[in-house]
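Participant: Next up, target_0.tsv (TSV, C-alpha atoms).
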chain	number	residue	atom	x	y	z
A	122	MET	CA	-25.74	21.85	-18.83
A	123	VAL	CA	-23.76	18.65	-18.64
A	124	GLN	CA	-20.37	18.93	-20.27
A	125	LYS	CA	-18.93	16.30	-22.59
A	126	LYS	CA	-15.97	15.82	-20.28
A	127	ASP	CA	-18.26	14.92	-17.34
A	128	VAL	CA	-20.23	12.44	-19.44
A	129	GLY	CA	-16.97	10.78	-20.47
A	130	ARG	CA	-15.81	10.60	-16.87
A	131	LYS	CA	-19.09	9.15	-15.72
A	132	ARG	CA	-19.08	6.52	-18.44
A	133	GLN	CA	-15.51	5.63	-17.55
A	134	ALA	CA	-16.44	5.25	-13.88
A	135	VAL	CA	-19.40	3.00	-14.70
A	136	GLU	CA	-17.28	0.82	-16.98
A	137	GLU	CA	-14.55	0.51	-14.37
A	138	SER	CA	-17.04	-0.61	-11.73
A	139	ARG	CA	-18.38	-3.31	-14.02
A	140	SER	CA	-15.02	-4.58	-15.18
A	141	ALA	CA	-13.67	-4.63	-11.62
A	142	LYS	CA	-10.21	-3.77	-12.80
A	143	VAL	CA	-7.86	-2.64	-10.08
A	144	ARG	CA	-6.16	0.70	-10.67
A	145	SER	CA	-2.89	1.42	-8.87
A	146	ILE	CA	-3.08	4.56	-6.69
A	147	GLY	CA	0.59	4.42	-5.74
A	148	VAL	CA	3.64	2.26	-5.28
A	149	ILE	CA	5.86	0.95	-2.46
A	150	ARG	CA	9.52	2.04	-2.50
A	151	SER	CA	11.43	-0.33	-0.23
A	152	VAL	CA	14.90	-1.72	0.41
A	153	LEU	CA	13.26	-5.15	0.03
A	154	LYS	CA	13.71	-6.18	-3.60
A	155	THR	CA	12.57	-9.82	-3.69
A	156	ARG	CA	9.94	-12.05	-2.07
A	157	ALA	CA	12.76	-14.27	-0.80
A	158	GLU	CA	14.27	-11.55	1.43
A	159	SER	CA	10.91	-10.26	2.66
A	160	PRO	CA	9.52	-11.35	6.06
A	161	LYS	CA	6.10	-12.97	5.93
A	162	GLN	CA	4.46	-10.25	8.03
A	163	GLY	CA	5.28	-6.63	8.81
A	164	PHE	CA	5.74	-7.37	12.53
A	165	GLU	CA	8.37	-10.01	11.73
A	166	GLY	CA	11.23	-7.56	11.30
A	167	ALA	CA	10.13	-5.69	8.17
A	168	PRO	CA	11.62	-2.27	7.41
A	169	ASP	CA	9.87	1.06	6.93
A	170	ALA	CA	9.24	2.09	3.34
A	171	TRP	CA	7.96	4.96	1.21
A	172	LEU	CA	4.47	4.89	-0.17
A	173	GLU	CA	4.43	7.13	-3.25
A	174	VAL	CA	0.92	8.16	-4.18
A	175	SER	CA	0.14	8.85	-7.86
A	176	GLN	CA	-0.59	12.43	-8.92
A	177	PHE	CA	-4.21	11.65	-9.87
A	178	ALA	CA	-4.98	10.31	-6.37
A	179	ALA	CA	-2.99	12.81	-4.28
A	180	GLN	CA	-5.98	14.80	-3.02
A	181	GLY	CA	-7.33	11.59	-1.51
A	182	LEU	CA	-4.61	11.97	1.17
A	183	ASP	CA	-6.08	15.18	2.64
A	184	GLY	CA	-6.75	14.56	6.31
A	185	LEU	CA	-4.04	11.96	6.93
A	186	ALA	CA	-1.48	13.01	9.55
A	187	VAL	CA	1.83	11.85	10.96
A	188	GLY	CA	1.20	9.32	13.72
A	189	ASP	CA	-1.98	7.92	12.16
A	190	GLU	CA	-2.43	4.20	11.97
A	191	ILE	CA	-3.54	3.16	8.50
A	192	ILE	CA	-4.33	0.03	6.55
A	193	VAL	CA	-2.49	-0.18	3.24
A	194	LEU	CA	-3.90	-2.54	0.63
A	195	THR	CA	-1.44	-3.67	-2.02
A	196	TRP	CA	-1.64	-5.80	-5.15
A	197	LEU	CA	0.95	-8.54	-4.70
A	198	HIS	CA	1.94	-8.58	-8.35
A	199	ARG	CA	4.39	-11.48	-8.02
A	200	ALA	CA	1.78	-13.82	-6.53
A	201	ARG	CA	0.44	-16.93	-8.30
A	202	ARG	CA	-3.30	-16.51	-8.75
A	203	ALA	CA	-4.17	-20.10	-9.71
A	204	VAL	CA	-3.07	-21.46	-6.29
A	205	LEU	CA	-5.86	-22.61	-3.91
A	206	LYS	CA	-3.83	-24.73	-1.46
A	207	VAL	CA	-0.45	-24.10	0.12
A	208	HIS	CA	1.85	-25.42	2.80
A	209	PRO	CA	1.47	-22.74	5.51
A	210	ARG	CA	4.59	-20.68	6.19
A	211	SER	CA	6.18	-22.38	3.13
A	212	ASP	CA	6.91	-25.34	5.41
A	213	PRO	CA	6.72	-28.53	3.29
A	214	LYS	CA	5.96	-30.52	6.46
A	215	ALA	CA	2.83	-28.43	7.18
A	216	PRO	CA	-0.28	-30.05	5.70
A	217	LEU	CA	-1.75	-28.50	2.53
A	218	THR	CA	-4.28	-25.85	3.57
A	219	GLY	CA	-6.77	-23.72	1.67
A	220	VAL	CA	-5.35	-20.29	0.88
A	221	PHE	CA	-8.31	-18.58	2.58
A	222	ALA	CA	-7.19	-20.15	5.87
A	223	THR	CA	-3.66	-18.74	5.40
A	224	ARG	CA	-1.99	-15.41	4.72
A	225	SER	CA	-0.14	-16.72	1.67
A	226	PRO	CA	0.32	-14.09	-1.08
A	227	ASP	CA	-0.62	-16.81	-3.58
A	228	ARG	CA	-4.44	-16.71	-3.92
A	229	PRO	CA	-7.06	-15.80	-6.57
A	230	ASN	CA	-6.91	-12.06	-5.76
A	231	PRO	CA	-3.50	-11.30	-4.28
A	232	VAL	CA	-4.45	-8.34	-2.10
A	233	GLY	CA	-1.90	-7.57	0.60
A	234	LEU	CA	-3.15	-6.17	3.91
A	235	HIS	CA	-0.69	-4.08	5.92
A	236	ARG	CA	-1.42	-2.23	9.14
A	237	VAL	CA	1.25	0.46	9.49
A	238	ARG	CA	1.92	3.83	11.09
A	239	VAL	CA	2.46	7.06	9.15
A	240	LEU	CA	5.96	8.20	10.18
A	241	SER	CA	6.29	11.27	7.97
A	242	ILE	CA	4.59	12.95	5.03
A	243	ALA	CA	6.37	14.74	2.19
A	244	ARG	CA	3.68	15.91	-0.22
A	245	ARG	CA	2.58	12.74	-2.05
A	246	ARG	CA	5.05	10.49	-0.25
A	247	LEU	CA	4.21	8.78	3.04
A	248	ARG	CA	6.89	7.12	5.16
A	249	VAL	CA	5.17	4.04	6.62
A	250	GLY	CA	6.11	0.92	8.48
A	251	PRO	CA	6.92	-1.67	9.32
A	252	ILE	CA	5.86	-3.20	5.99
A	253	GLU	CA	6.92	-6.39	4.23
A	254	ALA	CA	5.80	-5.42	0.71
A	255	ILE	CA	8.66	-5.41	-1.78
A	256	ASP	CA	9.89	-2.52	-3.89
A	257	GLY	CA	7.57	-1.79	-6.80
A	258	THR	CA	4.46	-3.33	-5.23
A	259	PRO	CA	1.36	-1.46	-6.45
A	260	VAL	CA	-0.79	0.17	-3.76
A	261	ILE	CA	-4.54	-0.03	-4.37
A	262	ASP	CA	-6.05	1.57	-1.26
A	263	ILE	CA	-5.36	3.33	2.04
A	264	LYS	CA	-7.82	3.31	4.94
A	265	PRO	CA	-7.62	4.77	8.45
A	266	VAL	CA	-7.75	2.38	11.40
A	267	LEU	CA	-10.96	3.17	13.29
A	268	ASN	CA	-11.02	3.56	17.05
A	269	ALA	CA	-13.57	0.89	17.78
A	270	VAL	CA	-13.75	-2.57	19.21
A	271	ASN	CA	-12.95	-5.20	16.60
A	272	ASP	CA	-11.67	-2.76	14.05
A	273	PHE	CA	-8.56	-3.51	12.11
B	12	MET	CA	5.96	-33.77	-19.85
B	13	VAL	CA	4.07	-30.52	-19.55
B	14	GLN	CA	0.48	-30.86	-20.61
B	15	LYS	CA	-1.32	-28.36	-22.82
B	16	LYS	CA	-3.88	-27.73	-20.09
B	17	ASP	CA	-1.14	-26.70	-17.65
B	18	VAL	CA	0.47	-24.37	-20.16
B	19	GLY	CA	-2.91	-22.75	-20.76
B	20	ARG	CA	-3.49	-22.31	-17.04
B	21	LYS	CA	-0.05	-20.85	-16.50
B	22	ARG	CA	-0.50	-18.39	-19.33
B	23	GLN	CA	-3.89	-17.40	-17.94
B	24	ALA	CA	-2.40	-16.85	-14.48
B	25	VAL	CA	0.40	-14.67	-15.87
B	26	GLU	CA	-2.04	-12.59	-17.89
B	27	GLU	CA	-4.35	-12.13	-14.92
B	28	SER	CA	-1.48	-10.92	-12.73
B	29	ARG	CA	-0.53	-8.33	-15.34
B	30	SER	CA	-4.01	-7.09	-16.01
B	31	ALA	CA	-4.81	-6.81	-12.28
B	32	LYS	CA	-8.41	-7.69	-12.87
B	33	VAL	CA	-10.31	-8.71	-9.78
B	34	ARG	CA	-12.08	-12.06	-9.97
B	35	SER	CA	-15.00	-12.70	-7.65
B	36	ILE	CA	-14.47	-15.77	-5.42
B	37	GLY	CA	-17.94	-15.59	-3.90
B	38	VAL	CA	-20.89	-13.39	-3.04
B	39	ILE	CA	-22.65	-11.98	0.04
B	40	ARG	CA	-26.27	-13.05	0.63
B	41	SER	CA	-27.81	-10.59	3.09
B	42	VAL	CA	-31.12	-9.16	4.21
B	43	LEU	CA	-29.57	-5.75	3.46
B	44	LYS	CA	-30.57	-4.86	-0.08
B	45	THR	CA	-29.46	-1.22	-0.50
B	46	ARG	CA	-26.63	1.05	0.59
B	47	ALA	CA	-29.21	3.33	2.22
B	48	GLU	CA	-30.34	0.71	4.77
B	49	SER	CA	-26.82	-0.56	5.49
B	50	PRO	CA	-24.93	0.64	8.59
B	51	LYS	CA	-21.56	2.24	7.87
B	52	GLN	CA	-19.60	-0.41	9.78
B	53	GLY	CA	-20.28	-4.00	10.80
B	54	PHE	CA	-20.15	-3.12	14.52
B	55	GLU	CA	-22.87	-0.50	14.05
B	56	GLY	CA	-25.75	-2.95	14.18
B	57	ALA	CA	-25.17	-4.94	10.99
B	58	PRO	CA	-26.77	-8.39	10.60
B	59	ASP	CA	-25.11	-11.73	9.95
B	60	ALA	CA	-25.05	-12.90	6.34
B	61	TRP	CA	-24.12	-15.85	4.14
B	62	LEU	CA	-20.88	-15.84	2.23
B	63	GLU	CA	-21.33	-18.19	-0.72
B	64	VAL	CA	-18.01	-19.27	-2.18
B	65	SER	CA	-17.83	-20.10	-5.89
B	66	GLN	CA	-17.27	-23.71	-6.93
B	67	PHE	CA	-13.85	-22.99	-8.46
B	68	ALA	CA	-12.54	-21.52	-5.18
B	69	ALA	CA	-14.16	-23.93	-2.72
B	70	GLN	CA	-11.02	-25.88	-1.89
B	71	GLY	CA	-9.43	-22.62	-0.72
B	72	LEU	CA	-11.69	-22.89	2.36
B	73	ASP	CA	-10.01	-26.06	3.70
B	74	GLY	CA	-8.75	-25.30	7.20
B	75	LEU	CA	-11.35	-22.68	8.13
B	76	ALA	CA	-13.46	-23.62	11.16
B	77	VAL	CA	-16.51	-22.40	13.03
B	78	GLY	CA	-15.45	-19.77	15.56
B	79	ASP	CA	-12.56	-18.45	13.47
B	80	GLU	CA	-12.15	-14.72	13.08
B	81	ILE	CA	-11.61	-13.83	9.44
B	82	ILE	CA	-11.15	-10.77	7.29
B	83	VAL	CA	-13.50	-10.68	4.31
B	84	LEU	CA	-12.53	-8.42	1.42
B	85	THR	CA	-15.37	-7.37	-0.85
B	86	TRP	CA	-15.67	-5.36	-4.04
B	87	LEU	CA	-18.18	-2.59	-3.29
B	88	HIS	CA	-19.73	-2.67	-6.74
B	89	ARG	CA	-22.10	0.24	-6.12
B	90	ALA	CA	-19.31	2.63	-5.15
B	91	ARG	CA	-18.27	5.66	-7.21
B	92	ARG	CA	-14.65	5.21	-8.23
B	93	ALA	CA	-13.95	8.75	-9.44
B	94	VAL	CA	-14.49	10.24	-5.96
B	95	LEU	CA	-11.38	11.48	-4.10
B	96	LYS	CA	-12.98	13.69	-1.43
B	97	VAL	CA	-16.07	13.13	0.70
B	98	HIS	CA	-17.90	14.55	3.68
B	99	PRO	CA	-17.08	11.95	6.39
B	100	ARG	CA	-20.06	9.92	7.62
B	101	SER	CA	-22.12	11.54	4.81
B	102	ASP	CA	-22.47	14.59	7.08
B	103	PRO	CA	-22.64	17.70	4.85
B	104	LYS	CA	-21.36	19.80	7.77
B	105	ALA	CA	-18.19	17.72	8.04
B	106	PRO	CA	-15.35	19.28	6.02
B	107	LEU	CA	-14.41	17.61	2.73
B	108	THR	CA	-11.75	15.00	3.44
B	109	GLY	CA	-9.59	12.78	1.24
B	110	VAL	CA	-11.11	9.33	0.81
B	111	PHE	CA	-7.90	7.68	2.08
B	112	ALA	CA	-8.49	9.36	5.46
B	113	THR	CA	-12.04	7.94	5.60
B	114	ARG	CA	-13.79	4.59	5.31
B	115	SER	CA	-16.11	5.80	2.54
B	116	PRO	CA	-17.00	3.09	0.00
B	117	ASP	CA	-16.46	5.71	-2.71
B	118	ARG	CA	-12.75	5.57	-3.65
B	119	PRO	CA	-10.58	4.57	-6.65
B	120	ASN	CA	-10.59	0.87	-5.71
B	121	PRO	CA	-13.72	0.17	-3.66
B	122	VAL	CA	-12.43	-2.72	-1.57
B	123	GLY	CA	-14.52	-3.37	1.54
B	124	LEU	CA	-12.74	-4.66	4.66
B	125	HIS	CA	-14.87	-6.68	7.10
B	126	ARG	CA	-13.62	-8.42	10.23
B	127	VAL	CA	-16.19	-11.08	11.09
B	128	ARG	CA	-16.59	-14.39	12.89
B	129	VAL	CA	-17.43	-17.68	11.17
B	130	LEU	CA	-20.72	-18.77	12.80
B	131	SER	CA	-21.39	-21.91	10.78
B	132	ILE	CA	-20.16	-23.69	7.66
B	133	ALA	CA	-22.37	-25.58	5.21
B	134	ARG	CA	-20.09	-26.86	2.44
B	135	ARG	CA	-19.30	-23.76	0.34
B	136	ARG	CA	-21.46	-21.43	2.44
B	137	LEU	CA	-20.12	-19.60	5.49
B	138	ARG	CA	-22.44	-17.86	7.94
B	139	VAL	CA	-20.50	-14.74	9.01
B	140	GLY	CA	-21.16	-11.55	10.88
B	141	PRO	CA	-21.84	-8.93	11.74
B	142	ILE	CA	-21.30	-7.54	8.24
B	143	GLU	CA	-22.64	-4.39	6.56
B	144	ALA	CA	-22.08	-5.49	2.94
B	145	ILE	CA	-25.31	-5.58	0.94
B	146	ASP	CA	-26.86	-8.56	-0.85
B	147	GLY	CA	-25.02	-9.38	-4.06
B	148	THR	CA	-21.70	-7.80	-3.06
B	149	PRO	CA	-18.83	-9.73	-4.69
B	150	VAL	CA	-16.27	-11.27	-2.31
B	151	ILE	CA	-12.67	-11.12	-3.52
B	152	ASP	CA	-10.68	-12.61	-0.64
B	153	ILE	CA	-10.84	-14.22	2.80
B	154	LYS	CA	-7.94	-14.12	5.26
B	155	PRO	CA	-7.58	-15.45	8.80
B	156	VAL	CA	-6.99	-12.96	11.62
B	157	LEU	CA	-3.53	-13.69	13.00
B	158	ASN	CA	-2.86	-13.96	16.73
B	159	ALA	CA	-0.22	-11.30	16.93
B	160	VAL	CA	0.22	-7.78	18.15
B	161	ASN	CA	-1.00	-5.25	15.60
B	162	ASP	CA	-2.68	-7.78	13.42
B	163	PHE	CA	-6.08	-7.10	11.98
Take the structure in this file and express it as C-alpha cells.
Facilitator:
Amino acid sequence: MVQKKDVGRKRQAVEESRSAKVRSIGVIRSVLKTRAESPKQGFEGAPDAWLEVSQFAAQGLDGLAVGDEIIVLTWLHRARRAVLKVHPRSDPKAPLTGVFATRSPDRPNPVGLHRVRVLSIARRRLRVGPIEAIDGTPVIDIKPVLNAVNDF
Amino acid sequence: MVQKKDVGRKRQAVEESRSAKVRSIGVIRSVLKTRAESPKQGFEGAPDAWLEVSQFAAQGLDGLAVGDEIIVLTWLHRARRAVLKVHPRSDPKAPLTGVFATRSPDRPNPVGLHRVRVLSIARRRLRVGPIEAIDGTPVIDIKPVLNAVNDF
C-alpha cells in the first residue's frame, strides 16, 4: 500500500524536476567575505574553507573520505545573471568576450565549479580547499573526481 | 536617464538571483534517446552531439573556437531529486553510497558535468563530444577549460 507521505514526496520530486529550481544542499563558511577580496580561481591563493552540509542532505556524504578530490558546485548568488559579455579578468583593456568563453561569475546560470581536496570531516562539515567562494555561498552539489583520462 | 526597460531587466535579474531558478541556455541534440542506452560517462563510448544554444544566449558564445576544450553543465531532467543514496554504477551488489560520493544523475540538484571538445561551430550550434547526455537535455552553462594545474 502506498502511503500518503510517499505520494506527496513523489509529487514534490516531479514538480521540482519540472521547475528546475536549485535547492541549496549546504553553504560555504570562509574568511573571504566579499567578491572584491576573493581570488578569481582557487589555485590563485584562495584559502581553505568549511563546507557545511544541510541536515536533509547529510546522508549523501556517506562514502566521502579525507584526502578525496571532489568537485564542489556552488550557486554564485552575488552574480549578475543578465550579463552575456564581459571583459575577461575584469581588465577593461581586454576585448568584450562571451561569458561562455570565460570563467566570469556573471552569466545566465551562475554555477561555480571548484575542484578541491577534502582536508577533514566533522560530521556534516567538510574542510575543503583551496576555494575562492565567499562566505555564505550556497552549495548545490558535490561530486567525486574520477580516476580517468579527461575527467575533471 | 534610466529607461523603464533597464529597470525591468534589473528587477528581473535580482529576482532570478534570489529564486535560484535555473534557466536553460540551450539543449543537447543526440542520437541517445534514453538513459538506458546512454553510457555512464562521456569517455565510456559516448557519441558526439549538437549543443544548440538559445537565441537569447547566443552572444555568450563569442570567443569560443573549434578545438577548444569546454565544460558543459546540463540539467539532468530525468533524474530523481529525492535520492540521497545509490548503489554505485547501478550494481545492486555495490554497497549503498551517498550520492555526493558518486556520479549518479540522481541527486538533489541533478547537474551534469561534461568535459568535451568543440568539433565545429555553425552559428548557435556547437558540435561537441564525446558526451553521454541524452537528446533533449537542457544545457545550463558552458565554461572554458583553463590551462592551469588542477583545473577541470
Participant: Quick one: pull the distance between atom CA of A:Gly163 and atom CA of A:Ala254, Å, one decimal.
Facilitator: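 Interatomic distance here is 8.2 Å.
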Participant: Could you produce a table of the residues of chain A lying within 6 Å of chain B, with the nearest pair of atoms per residue and their separation in Å rounded to one decimal, using only C-alpha atoms, ordered by chain and increasing residue number, as JSON lines?
Facilitator:
{"residue": "A:Ala134", "atom": "CA", "partner": "B:Arg92", "partner_atom": "CA", "distance": 5.9}
{"residue": "A:Ala141", "atom": "CA", "partner": "B:Val33", "partner_atom": "CA", "distance": 5.6}
{"residue": "A:Lys142", "atom": "CA", "partner": "B:Lys32", "partner_atom": "CA", "distance": 4.3}
{"residue": "A:Val143", "atom": "CA", "partner": "B:Ala31", "partner_atom": "CA", "distance": 5.6}
{"residue": "A:Gln180", "atom": "CA", "partner": "B:Gly109", "partner_atom": "CA", "distance": 5.9}
{"residue": "A:Gly181", "atom": "CA", "partner": "B:Gly109", "partner_atom": "CA", "distance": 3.8}
{"residue": "A:Leu182", "atom": "CA", "partner": "B:Gly109", "partner_atom": "CA", "distance": 5.0}
{"residue": "A:Asp183", "atom": "CA", "partner": "B:Gly109", "partner_atom": "CA", "distance": 4.5}
{"residue": "A:Gly184", "atom": "CA", "partner": "B:Ala112", "partner_atom": "CA", "distance": 5.5}
{"residue": "A:Leu185", "atom": "CA", "partner": "B:Ala112", "partner_atom": "CA", "distance": 5.4}
{"residue": "A:Arg202", "atom": "CA", "partner": "B:Ala24", "partner_atom": "CA", "distance": 5.8}
{"residue": "A:Leu205", "atom": "CA", "partner": "B:Gly71", "partner_atom": "CA", "distance": 4.8}
{"residue": "A:Thr218", "atom": "CA", "partner": "B:Asp73", "partner_atom": "CA", "distance": 5.7}
{"residue": "A:Gly219", "atom": "CA", "partner": "B:Gly71", "partner_atom": "CA", "distance": 3.7}
{"residue": "A:Val220", "atom": "CA", "partner": "B:Gly71", "partner_atom": "CA", "distance": 5.0}
{"residue": "A:Phe221", "atom": "CA", "partner": "B:Ile153", "partner_atom": "CA", "distance": 5.0}
{"residue": "A:Ala222", "atom": "CA", "partner": "B:Leu75", "partner_atom": "CA", "distance": 5.4}
{"residue": "A:Ile263", "atom": "CA", "partner": "B:Phe111", "partner_atom": "CA", "distance": 5.0}
{"residue": "A:Lys264", "atom": "CA", "partner": "B:Phe111", "partner_atom": "CA", "distance": 5.2}
{"residue": "A:Pro265", "atom": "CA", "partner": "B:Ala112", "partner_atom": "CA", "distance": 5.5}
{"residue": "A:Phe273", "atom": "CA", "partner": "B:Phe163", "partner_atom": "CA", "distance": 4.4}
Participant: Counting only C-alpha atoms, which of B:Gln66, B:Ala60, B:Lys51, B:Ile142 gets nearest to B:Pro99?
Facilitator: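 Checking each of B:Gln66, B:Ala60, B:Lys51, B:Ile142 against B:Pro99, counting only C-alpha atoms, the winner is B:Lys51.
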Participant: Find the distance between atom CA of B:Arg135 and atom CA of B:Val77 and write it in Å to one decimal.
Facilitator: 13.1 Å
Participant: What separation in Å, quoted to one decimal, exists between atom CA of A:Gly250 and atom CA of A:Ala167?
Facilitator: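 Straight-line distance from atom CA of A:Gly250 to atom CA of A:Ala167 works out to 7.7 Å.
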Participant: Could you tell me, as a PyMOL selection string, which residues have any atom at most 12 Å from (17.6, -3.0, 0.4), counting all atoms listed in the file?
Facilitator: chain A and resi 150-155+158-159+167-170+253+255-256
Participant: (-22.8, -8.7, -3.8) in this file's frame - what residues fall within 6 Å of it? Use all atoms listed in the file and give the answer as a list of chain:residue names.
Facilitator: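 So the residues meeting the distance criterion are B:Val38, B:Ile39, B:Asp146, B:Gly147, B:Thr148, B:Pro149.
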Participant: Write out the residues from the selection above, keeping C-alpha atoms, as a PDB file, in the coordinates of the input.
Facilitator:
ATOM      1  CA  VAL B  38     -20.890 -13.390  -3.040  1.00  0.00           C
ATOM      2  CA  ILE B  39     -22.650 -11.980   0.040  1.00  0.00           C
ATOM      3  CA  ASP B 146     -26.860  -8.560  -0.850  1.00  0.00           C
ATOM      4  CA  GLY B 147     -25.020  -9.380  -4.060  1.00  0.00           C
ATOM      5  CA  THR B 148     -21.700  -7.800  -3.060  1.00  0.00           C
ATOM      6  CA  PRO B 149     -18.830  -9.730  -4.690  1.00  0.00           C
TER       7      PRO B 149
END
